[in-house]
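Visitor: Got a structure for you, start_3.cif, holding mmCIF, C-alpha atoms.
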data_input
loop_
_atom_site.group_PDB
_atom_site.id
_atom_site.type_symbol
_atom_site.label_atom_id
_atom_site.label_comp_id
_atom_site.auth_asym_id
_atom_site.auth_seq_id
_atom_site.Cartn_x
_atom_site.Cartn_y
_atom_site.Cartn_z
ATOM 1 C CA MET H 1 -11.273 -15.612 -73.099
ATOM 2 C CA VAL H 2 -9.665 -17.944 -70.581
ATOM 3 C CA VAL H 3 -8.972 -16.927 -67.062
ATOM 4 C CA GLU H 4 -5.221 -17.539 -67.494
ATOM 5 C CA SER H 5 -5.083 -14.663 -69.989
ATOM 6 C CA LEU H 6 -5.989 -12.396 -67.100
ATOM 7 C CA GLY H 7 -3.108 -13.716 -65.035
ATOM 8 C CA SER H 8 -5.168 -15.969 -62.839
ATOM 9 C CA GLN H 9 -5.351 -19.729 -62.324
ATOM 10 C CA THR H 10 -8.057 -22.281 -62.997
ATOM 11 C CA GLY H 11 -8.972 -24.492 -60.077
ATOM 12 C CA ARG H 12 -9.530 -28.199 -60.549
ATOM 13 C CA GLN H 13 -10.884 -29.090 -57.145
ATOM 14 C CA PRO H 14 -13.844 -27.578 -55.357
ATOM 15 C CA LEU H 15 -12.766 -25.209 -52.624
ATOM 16 C CA PRO H 16 -13.982 -26.027 -49.132
ATOM 17 C CA VAL H 17 -16.257 -23.532 -47.467
ATOM 18 C CA GLY H 18 -14.169 -21.525 -45.018
ATOM 19 C CA LEU H 19 -16.631 -19.327 -43.219
ATOM 20 C CA ILE H 20 -20.405 -19.154 -42.941
ATOM 21 C CA VAL H 21 -21.780 -15.810 -41.818
ATOM 22 C CA SER H 22 -25.408 -15.505 -40.838
ATOM 23 C CA THR H 23 -26.144 -11.812 -40.627
ATOM 24 C CA ARG H 24 -28.834 -9.241 -41.182
ATOM 25 C CA TYR H 25 -28.540 -5.501 -41.619
ATOM 26 C CA GLU H 26 -29.834 -3.375 -38.804
ATOM 27 C CA ALA H 27 -29.039 0.305 -38.830
ATOM 28 C CA GLY H 28 -26.594 1.304 -36.122
ATOM 29 C CA SER H 29 -26.076 -2.196 -34.757
ATOM 30 C CA ASP H 30 -22.706 -3.338 -33.461
ATOM 31 C CA TRP H 31 -20.897 -6.298 -34.957
ATOM 32 C CA GLN H 32 -20.866 -8.896 -32.186
ATOM 33 C CA PRO H 33 -20.248 -12.283 -33.813
ATOM 34 C CA GLN H 34 -21.177 -15.396 -31.899
ATOM 35 C CA PRO H 35 -20.087 -18.866 -33.007
ATOM 36 C CA LEU H 36 -22.679 -21.217 -34.447
ATOM 37 C CA THR H 37 -22.591 -24.969 -33.954
ATOM 38 C CA PRO H 38 -22.693 -27.077 -37.152
ATOM 39 C CA ALA H 39 -26.400 -27.808 -36.705
ATOM 40 C CA ARG H 40 -27.218 -24.141 -36.103
ATOM 41 C CA ALA H 41 -25.133 -23.211 -39.152
ATOM 42 C CA LEU H 42 -27.027 -25.779 -41.221
ATOM 43 C CA LEU H 43 -30.270 -24.300 -39.933
ATOM 44 C CA ALA H 44 -29.140 -20.831 -41.011
ATOM 45 C CA LEU H 45 -28.349 -22.098 -44.513
ATOM 46 C CA MET H 46 -31.647 -23.967 -44.780
ATOM 47 C CA ASP H 47 -33.441 -20.795 -43.762
ATOM 48 C CA ASN H 48 -32.161 -19.387 -47.062
ATOM 49 C CA THR H 49 -32.764 -22.473 -49.222
ATOM 50 C CA VAL H 50 -36.125 -22.560 -50.947
ATOM 51 C CA ALA H 51 -35.624 -26.157 -52.126
ATOM 52 C CA THR H 52 -35.748 -27.254 -48.489
ATOM 53 C CA ARG H 53 -39.531 -27.596 -48.607
ATOM 54 C CA GLN H 54 -39.613 -29.800 -51.668
ATOM 55 C CA ARG H 55 -36.429 -31.827 -51.298
ATOM 56 C CA PRO H 56 -34.988 -31.786 -47.794
ATOM 57 C CA GLU H 57 -33.457 -35.204 -48.385
ATOM 58 C CA LYS H 58 -31.315 -33.583 -51.116
ATOM 59 C CA THR H 59 -30.630 -30.176 -49.648
ATOM 60 C CA MET H 60 -29.691 -31.216 -46.123
ATOM 61 C CA PRO H 61 -26.834 -33.606 -47.050
ATOM 62 C CA ILE H 62 -25.410 -31.045 -49.491
ATOM 63 C CA LEU H 63 -25.573 -28.221 -46.986
ATOM 64 C CA LYS H 64 -24.132 -30.543 -44.358
ATOM 65 C CA GLN H 65 -21.046 -30.905 -46.565
ATOM 66 C CA ALA H 66 -20.778 -27.136 -46.752
ATOM 67 C CA VAL H 67 -21.030 -26.810 -42.996
ATOM 68 C CA THR H 68 -18.632 -29.602 -42.095
ATOM 69 C CA GLY H 69 -15.218 -28.142 -41.360
ATOM 70 C CA ALA H 70 -16.327 -24.531 -41.815
ATOM 71 C CA ALA H 71 -16.399 -21.909 -39.107
ATOM 72 C CA ALA H 72 -19.788 -20.265 -38.659
ATOM 73 C CA ILE H 73 -20.747 -17.053 -36.942
ATOM 74 C CA THR H 74 -23.843 -14.924 -36.541
ATOM 75 C CA SER H 75 -24.449 -11.296 -35.711
ATOM 76 C CA LYS H 76 -26.526 -8.353 -36.745
ATOM 77 C CA ARG H 77 -24.501 -5.972 -38.829
ATOM 78 C CA GLY H 78 -24.241 -2.288 -39.573
ATOM 79 C CA GLU H 79 -22.903 -0.883 -42.825
ATOM 80 C CA ALA H 80 -21.172 -3.364 -45.148
ATOM 81 C CA ARG H 81 -18.094 -1.167 -45.568
ATOM 82 C CA THR H 82 -17.485 -1.452 -41.829
ATOM 83 C CA ILE H 83 -18.142 -5.147 -41.543
ATOM 84 C CA ALA H 84 -16.300 -6.417 -44.624
ATOM 85 C CA PRO H 85 -12.790 -5.779 -43.203
ATOM 86 C CA LEU H 86 -13.802 -7.489 -39.962
ATOM 87 C CA LEU H 87 -14.991 -10.543 -41.871
ATOM 88 C CA LEU H 88 -11.747 -10.681 -43.809
ATOM 89 C CA LYS H 89 -9.903 -10.855 -40.510
ATOM 90 C CA TYR H 90 -11.481 -14.265 -39.992
ATOM 91 C CA LEU H 91 -9.884 -15.559 -43.144
ATOM 92 C CA THR H 92 -6.287 -16.403 -43.896
ATOM 93 C CA VAL H 93 -4.812 -17.158 -47.288
ATOM 94 C CA ASP H 94 -2.606 -20.155 -47.861
ATOM 95 C CA PRO H 95 0.211 -18.718 -50.020
ATOM 96 C CA GLN H 96 1.038 -22.186 -51.396
ATOM 97 C CA GLY H 97 -2.226 -22.971 -53.041
ATOM 98 C CA GLY H 98 -4.389 -19.922 -52.863
ATOM 99 C CA HIS H 99 -6.771 -21.874 -50.673
ATOM 100 C CA ASN H 100 -8.865 -19.895 -48.266
ATOM 101 C CA GLY H 101 -8.724 -21.289 -44.789
ATOM 102 C CA VAL H 102 -10.204 -19.995 -41.604
ATOM 103 C CA SER H 103 -8.662 -18.515 -38.557
ATOM 104 C CA LYS H 104 -10.633 -19.478 -35.488
ATOM 105 C CA GLU H 105 -9.574 -16.309 -33.749
ATOM 106 C CA SER H 106 -11.898 -13.358 -33.765
ATOM 107 C CA MET G 1 -45.808 -41.350 -21.572
ATOM 108 C CA GLU G 2 -43.751 -44.386 -20.644
ATOM 109 C CA TYR G 3 -42.297 -45.128 -24.052
ATOM 110 C CA PRO G 4 -41.940 -41.859 -25.969
ATOM 111 C CA LYS G 5 -42.157 -42.003 -29.725
ATOM 112 C CA LYS G 6 -41.182 -39.384 -32.256
ATOM 113 C CA VAL G 7 -43.616 -38.403 -34.980
ATOM 114 C CA ASP G 8 -43.420 -40.027 -38.394
ATOM 115 C CA ASN G 9 -42.343 -38.167 -41.494
ATOM 116 C CA LEU G 10 -39.092 -36.774 -40.138
ATOM 117 C CA TYR G 11 -35.884 -36.483 -42.112
ATOM 118 C CA LEU G 12 -32.823 -36.604 -39.833
ATOM 119 C CA GLU G 13 -29.267 -35.481 -40.519
ATOM 120 C CA ARG G 14 -26.614 -35.971 -37.823
ATOM 121 C CA LEU G 15 -23.701 -33.552 -37.388
ATOM 122 C CA ASP G 16 -21.059 -34.254 -34.733
ATOM 123 C CA GLY G 17 -23.607 -35.373 -32.182
ATOM 124 C CA GLU G 18 -26.090 -32.656 -33.079
ATOM 125 C CA LEU G 19 -29.105 -33.329 -35.222
ATOM 126 C CA CYS G 20 -30.937 -31.434 -37.926
ATOM 127 C CA VAL G 21 -34.521 -32.507 -38.397
ATOM 128 C CA TYR G 22 -36.972 -31.736 -41.186
ATOM 129 C CA ASP G 23 -40.642 -32.195 -40.381
ATOM 130 C CA TRP G 24 -42.379 -32.972 -43.674
ATOM 131 C CA GLU G 25 -45.840 -32.350 -42.291
ATOM 132 C CA ARG G 26 -45.244 -28.991 -40.623
ATOM 133 C CA LYS G 27 -42.504 -27.759 -42.986
ATOM 134 C CA MET G 28 -40.312 -27.008 -40.002
ATOM 135 C CA VAL G 29 -36.564 -27.417 -39.622
ATOM 136 C CA HIS G 30 -35.050 -28.011 -36.183
ATOM 137 C CA ALA G 31 -31.496 -27.980 -34.863
ATOM 138 C CA LEU G 32 -30.998 -30.152 -31.782
ATOM 139 C CA ASN G 33 -27.967 -30.018 -29.531
ATOM 140 C CA PRO G 34 -26.370 -33.361 -28.541
ATOM 141 C CA THR G 35 -28.596 -33.923 -25.514
ATOM 142 C CA ALA G 36 -31.854 -33.254 -27.334
ATOM 143 C CA ALA G 37 -30.556 -35.214 -30.340
ATOM 144 C CA SER G 38 -29.775 -38.295 -28.257
ATOM 145 C CA VAL G 39 -33.180 -38.253 -26.609
ATOM 146 C CA LEU G 40 -35.033 -37.826 -29.905
ATOM 147 C CA GLU G 41 -33.142 -40.706 -31.461
ATOM 148 C CA MET G 42 -34.159 -42.913 -28.554
ATOM 149 C CA CYS G 43 -37.831 -41.988 -28.966
ATOM 150 C CA ASP G 44 -38.690 -45.182 -30.833
ATOM 151 C CA GLY G 45 -41.742 -46.186 -28.793
ATOM 152 C CA GLN G 46 -39.812 -49.075 -27.243
ATOM 153 C CA THR G 47 -37.280 -47.309 -25.010
ATOM 154 C CA SER G 48 -38.472 -46.208 -21.597
ATOM 155 C CA VAL G 49 -37.549 -42.918 -19.959
ATOM 156 C CA ALA G 50 -35.447 -44.816 -17.412
ATOM 157 C CA GLN G 51 -33.558 -46.578 -20.208
ATOM 158 C CA MET G 52 -33.035 -43.251 -21.970
ATOM 159 C CA ALA G 53 -31.653 -41.750 -18.784
ATOM 160 C CA ALA G 54 -29.234 -44.627 -18.282
ATOM 161 C CA ARG G 55 -27.962 -44.325 -21.839
ATOM 162 C CA LEU G 56 -27.696 -40.537 -21.632
ATOM 163 C CA GLU G 57 -25.697 -40.807 -18.438
ATOM 164 C CA GLU G 58 -23.406 -43.350 -20.037
ATOM 165 C CA GLU G 59 -22.922 -41.639 -23.403
ATOM 166 C CA LEU G 60 -22.847 -37.962 -22.460
ATOM 167 C CA ASN G 61 -21.985 -38.238 -18.773
ATOM 168 C CA VAL G 62 -25.126 -36.314 -17.868
ATOM 169 C CA PRO G 63 -25.868 -36.035 -14.145
ATOM 170 C CA GLN G 64 -29.509 -36.147 -13.030
ATOM 171 C CA ALA G 65 -30.129 -37.814 -16.358
ATOM 172 C CA GLU G 66 -33.783 -38.664 -15.824
ATOM 173 C CA ASN G 67 -34.618 -35.010 -15.175
ATOM 174 C CA VAL G 68 -32.674 -34.049 -18.271
ATOM 175 C CA VAL G 69 -34.614 -36.619 -20.303
ATOM 176 C CA TRP G 70 -37.931 -35.204 -19.094
ATOM 177 C CA LEU G 71 -36.822 -31.667 -19.937
ATOM 178 C CA SER G 72 -35.687 -32.885 -23.360
ATOM 179 C CA LEU G 73 -39.048 -34.520 -23.951
ATOM 180 C CA ALA G 74 -40.796 -31.277 -23.019
ATOM 181 C CA GLU G 75 -38.636 -29.376 -25.519
ATOM 182 C CA LEU G 76 -39.262 -31.978 -28.212
ATOM 183 C CA GLU G 77 -42.990 -31.881 -27.536
ATOM 184 C CA GLN G 78 -42.989 -28.108 -27.855
ATOM 185 C CA ALA G 79 -41.349 -28.518 -31.257
ATOM 186 C CA ASP G 80 -44.114 -30.996 -32.258
ATOM 187 C CA LEU G 81 -41.588 -33.778 -32.649
ATOM 188 C CA LEU G 82 -43.317 -36.280 -30.363
ATOM 189 C CA ALA G 83 -46.325 -38.420 -31.241
ATOM 190 C CA GLU G 84 -47.846 -38.115 -27.750
ATOM 191 C CA LYS G 85 -47.978 -35.423 -25.121
ATOM 192 C CA VAL G 86 -45.539 -35.367 -22.217
ATOM 193 C CA GLY G 87 -46.983 -34.968 -18.727
ATOM 194 C CA ASP G 88 -45.463 -31.822 -17.268
ATOM 195 C CA SER G 89 -45.587 -33.001 -13.660
ATOM 196 C CA LYS G 90 -42.123 -34.537 -13.880
ATOM 197 C CA THR G 91 -40.519 -31.698 -15.796
ATOM 198 C CA LEU G 92 -38.169 -29.349 -13.988
ATOM 199 C CA SER G 93 -37.394 -26.000 -15.509
ATOM 200 C CA ARG G 94 -33.967 -25.241 -16.967
ATOM 201 C CA ARG G 95 -33.342 -22.809 -14.122
ATOM 202 C CA GLU G 96 -34.239 -25.417 -11.505
ATOM 203 C CA MET G 97 -31.834 -27.869 -13.073
ATOM 204 C CA LEU G 98 -29.012 -25.361 -13.190
ATOM 205 C CA LYS G 99 -29.528 -24.296 -9.599
ATOM 206 C CA ALA G 100 -30.527 -27.412 -7.752
ATOM 207 C CA MET G 101 -29.205 -30.234 -9.870
ATOM 208 C CA GLY G 102 -25.846 -28.854 -10.871
ATOM 209 C CA VAL G 103 -26.390 -29.694 -14.520
ATOM 210 C CA ALA G 104 -24.055 -27.770 -16.814
ATOM 211 C CA VAL G 105 -25.688 -25.449 -19.317
ATOM 212 C CA ALA G 106 -24.108 -27.274 -22.228
ATOM 213 C CA LEU G 107 -25.799 -30.505 -21.181
ATOM 214 C CA LEU G 108 -29.295 -29.065 -21.151
ATOM 215 C CA PRO G 109 -31.383 -29.806 -24.236
ATOM 216 C CA VAL G 110 -31.761 -27.068 -26.841
ATOM 217 C CA VAL G 111 -34.093 -27.195 -29.826
ATOM 218 C CA THR G 112 -33.965 -24.310 -32.313
ATOM 219 C CA SER G 113 -36.665 -24.203 -34.964
ATOM 220 C CA ILE G 114 -37.459 -22.350 -38.176
ATOM 221 C CA VAL G 115 -40.167 -22.590 -40.787
ATOM 222 C CA ALA G 116 -38.717 -23.782 -44.077
ATOM 223 C CA PRO G 117 -38.656 -20.781 -46.423
ATOM 224 C CA THR G 118 -41.184 -20.358 -49.202
ATOM 225 C CA PRO G 119 -40.359 -19.030 -52.687
ATOM 226 C CA ALA G 120 -41.966 -15.723 -51.711
ATOM 227 C CA GLN G 121 -39.510 -15.401 -48.855
ATOM 228 C CA ALA G 122 -36.586 -15.935 -51.210
ATOM 229 C CA GLN G 123 -37.408 -12.768 -53.071
ATOM 230 C CA THR G 124 -36.034 -9.433 -51.989
ATOM 231 C CA CYS G 125 -38.222 -8.396 -49.127
ATOM 232 C CA VAL G 126 -40.202 -5.296 -50.028
ATOM 233 C CA PRO G 127 -42.522 -4.393 -47.165
ATOM 234 C CA ASN G 128 -46.111 -3.422 -47.834
ATOM 235 C CA CYS G 129 -47.117 -3.226 -44.186
ATOM 236 C CA THR G 130 -45.801 -1.835 -40.965
ATOM 237 C CA TYR G 131 -46.778 -2.713 -37.437
ATOM 238 C CA ILE G 132 -45.700 -1.143 -34.157
ATOM 239 C CA ASP G 133 -45.844 -2.899 -30.825
ATOM 240 C CA PHE G 134 -44.579 -2.206 -27.308
ATOM 241 C CA ILE G 135 -42.894 -5.168 -25.672
ATOM 242 C CA PRO G 136 -40.549 -5.860 -22.728
ATOM 243 C CA THR G 137 -36.875 -5.325 -23.439
ATOM 244 C CA GLN G 138 -36.006 -8.840 -22.266
ATOM 245 C CA ILE G 139 -37.047 -10.208 -25.633
ATOM 246 C CA SER G 140 -35.806 -9.007 -29.015
ATOM 247 C CA CYS G 141 -38.198 -7.634 -31.602
ATOM 248 C CA GLU G 142 -37.317 -10.519 -33.926
ATOM 249 C CA GLU G 143 -38.117 -13.111 -31.241
ATOM 250 C CA TRP G 144 -41.395 -11.339 -30.510
ATOM 251 C CA TRP G 145 -42.295 -11.493 -34.175
ATOM 252 C CA GLN G 146 -41.395 -15.138 -34.416
ATOM 253 C CA ASN G 147 -43.203 -16.212 -31.263
ATOM 254 C CA SER G 148 -46.212 -13.914 -31.090
ATOM 255 C CA ILE G 149 -46.995 -12.360 -34.448
ATOM 256 C CA SER G 150 -45.815 -14.831 -37.040
ATOM 257 C CA PRO G 151 -48.163 -17.615 -35.816
ATOM 258 C CA GLU G 152 -51.111 -15.269 -36.491
ATOM 259 C CA ILE G 153 -49.997 -14.407 -40.016
ATOM 260 C CA PRO G 154 -47.627 -17.260 -40.948
ATOM 261 C CA GLU G 155 -47.504 -16.303 -44.616
ATOM 262 C CA ALA G 156 -46.217 -12.792 -43.854
ATOM 263 C CA VAL G 157 -42.479 -12.198 -44.253
ATOM 264 C CA LEU G 158 -40.650 -9.933 -41.837
ATOM 265 C CA CYS G 159 -38.417 -7.561 -43.791
ATOM 266 C CA SER G 160 -37.001 -5.593 -40.881
ATOM 267 C CA ALA G 161 -37.519 -4.995 -37.188
ATOM 268 C CA SER G 162 -36.187 -2.007 -35.339
ATOM 269 C CA SER G 163 -36.251 -1.218 -31.646
ATOM 270 C CA ARG G 164 -36.494 2.007 -29.630
ATOM 271 C CA ASP G 165 -36.187 2.016 -25.868
ATOM 272 C CA VAL G 166 -39.171 3.808 -24.311
ATOM 273 C CA GLY G 167 -38.192 3.245 -20.676
ATOM 274 C CA ASP G 168 -39.706 1.250 -17.814
ATOM 275 C CA GLY G 169 -38.328 -1.939 -19.312
ATOM 276 C CA PHE G 170 -40.243 -1.560 -22.547
ATOM 277 C CA GLN G 171 -39.248 -1.001 -26.154
ATOM 278 C CA GLU G 172 -41.113 0.120 -29.233
ATOM 279 C CA CYS G 173 -40.677 -2.422 -32.002
ATOM 280 C CA THR G 174 -41.383 -1.359 -35.560
ATOM 281 C CA PHE G 175 -41.946 -4.283 -37.898
ATOM 282 C CA GLU G 176 -41.935 -3.836 -41.647
ATOM 283 C CA TYR G 177 -43.270 -6.885 -43.386
ATOM 284 C CA PHE G 178 -44.527 -8.239 -46.670
ATOM 285 C CA ASP G 179 -48.028 -9.624 -46.646
ATOM 286 C CA PRO G 180 -48.543 -11.722 -49.803
ATOM 287 C CA GLU G 181 -52.320 -11.527 -49.455
ATOM 288 C CA GLY G 182 -52.072 -8.009 -50.839
ATOM 289 C CA GLU G 183 -55.432 -7.019 -49.408
ATOM 290 C CA GLY G 184 -54.083 -4.649 -46.820
ATOM 291 C CA CYS G 185 -52.320 -5.345 -43.612
ATOM 292 C CA ARG G 186 -54.120 -7.590 -41.236
ATOM 293 C CA MET G 187 -52.389 -6.761 -37.969
ATOM 294 C CA GLU G 188 -54.858 -4.424 -36.316
ATOM 295 C CA ASN G 189 -52.826 -2.740 -33.623
ATOM 296 C CA GLY G 190 -50.809 -0.010 -35.315
ATOM 297 C CA ALA G 191 -51.158 -1.583 -38.729
ATOM 298 C CA GLU G 192 -50.750 0.699 -41.669
ATOM 299 C CA ASN G 193 -50.700 -0.031 -45.352
ATOM 300 C CA PHE G 194 -48.003 1.748 -47.311
ATOM 301 C CA ASP G 195 -50.399 2.030 -50.240
#
Would you give me this structure, written as structure tokens?
Guide:
Amino acid sequence: MVVESLGSQTGRQPLPVGLIVSTRYEAGSDWQPQPLTPARALLALMDNTVATRQRPEKTMPILKQAVTGAAAITSKRGEARTIAPLLLKYLTVDPQGGHNGVSKES
Amino acid sequence: MEYPKKVDNLYLERLDGELCVYDWERKMVHALNPTAASVLEMCDGQTSVAQMAARLEEELNVPQAENVVWLSLAELEQADLLAEKVGDSKTLSRREMLKAMGVAVALLPVVTSIVAPTPAQAQTCVPNCTYIDFIPTQISCEEWWQNSISPEIPEAVLCSASSRDVGDGFQECTFEYFDPEGEGCRMENGAENFD
């Protein structure tokens, strides 16, 4: 089955990363996102990359590409059903190409 | 330390003036803001503090640059990124710099550090231990774990930390963590094995 048969499109170029969210569930916590600098965002990604220990010279440049140009935020979160709509507010959809961009507004 | 030198075995990645650093020996990852990044990059064992200050003032327009360099060196030393110790006699605190020197917060050096994750940490965290501690409310439970408890049991993985205000400026922190040793929980105060 090809994806076109489901009415969708096949991408030919890798999509840029639009938004990096560093978050952890904590019951009852409020969503209070704070912006992360590129280096802090890279740190957050490396904190979740096991290969960092063995091959930092590989993982860091790759994750740097992911971070470059992306917005990054951090906050504790409550229930996912509450937070998901708030996260989607950060994103805008380019109607021309279906490319996910990022709104810098919170 | 007249000519500061960074430790060997670092992998550096620059991002818009900031720096990410991997310490091969200690398995630590650090994020440095532009001020700390500039100072670390000048720590080649041949550049004096005065030369660093002049360059910092020129590149980042940092006032009181020599004080900022000394504070940066203290931060870098604390992160084990320097080959030799920094004398603390010349180091002003961040608060002193903000108050007396008029240095903007954004220009003060910041070094944020993590321990590179292990494969055990990548797994879904299922706690086998819990530990309760009472700490001041000025610090978060997670920071307390990272600064005070984790160094004692570095292989333990914090699954969750919850806080309950108990008044008088104190909070009760409940830490649930995974101890890969599997021989019971080694934190004595309030420790309890789920098994």
Visitor: Run the PyMOL selection byres ((chain H) within 10 of (chain G)) on the file and write out the hits as a PyMOL selection string.
Guide: chain H and resi 24-27+37-44+46-57+60-61+64-65+67-68
Visitor: Closest to G:Glu77 among G:Glu143, G:Pro4, G:Glu57, G:Leu10, using all atoms listed in the file?
Guide: G:Pro4
Visitor: Determine the residue membership of the PyMOL selection byres ((chain H and resi 7-21) around 8) for the file above and supply it as a ChimeraX atom specification.
Guide: /H:3-6,22-23,41,66-67,69-74,90-91,99-102
Visitor: Quick check, in Å to one decimal: how far apart do atom CA of G:Val157 and atom CA of G:Cys129 lie?
Guide: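 One can read the atom CA of G:Val157 to atom CA of G:Cys129 distance as 10.1 Å.
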Visitor: Quick one: of G:Cys141, G:Val62, G:Ile149, G:Cys43, who's nearest to G:Lys6, counting all atoms listed in the file?
Guide: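 Result for the nearest residue to G:Lys6: G:Cys43.
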Visitor: Can you turn the PyMOL selection byres ((chain H and resi 34) around 8) into a concrete residue list for this file, as a list of chain:residue names?
Guide: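 This file gives the following for the PyMOL selection byres ((chain H and resi 34) around 8): H:Gln32, H:Pro33, H:Pro35, H:Leu36, H:Ile73, H:Thr74, H:Ser75.
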Visitor: When you draw a straight line from atom CA of G:Tyr3 to atom CA of G:Glu59, how long is it in Å?
Guide: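 Calculated distance between atom CA of G:Tyr3 and atom CA of G:Glu59 is 19.7 Å.
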Visitor: Figure out the distance between atom CA of G:Leu81 and atom CA of G:Val110, please, to one decimal in Å.
Guide: 13.2 Å
Visitor: Might you pull out every residue within 10 Å of G:Glu2, with all atoms listed in the file counted and same-chain residues fewer than 6 positions away left off, and present them as a list in words?
Guide: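 The residues that qualify are Gly45, Gln46, Thr47, Ser48, Val49, Ala50 and Val86 of chain G.
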Visitor: Around all the atoms of stretch 29-46 of chain H listed in the file, with 3 Å of room on each side, what axis-aligned box do you get, giving centre and edge lengths in Å to one decimal, as AutoDock Vina command-line options?
Guide:
--center_x -25.9 --center_y -15.0 --center_z -38.3 --size_x 17.6 --size_y 31.6 --size_z 18.9
Visitor: Might you pull out every residue within 9 Å of G:Cys159, with all atoms listed in the file counted and same-chain residues fewer than 3 positions away left off, and present them as a VMD selection string?
Guide: chain G and resid 124 to 127 175 to 178
Visitor: Have a look at G:Glu25, G:Asp44, G:Ser38, G:Glu155 and name the one nearest to G:Ser72; count all atoms listed in the file.
Guide: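 Among the listed residues, G:Ser38 lies closest to G:Ser72.
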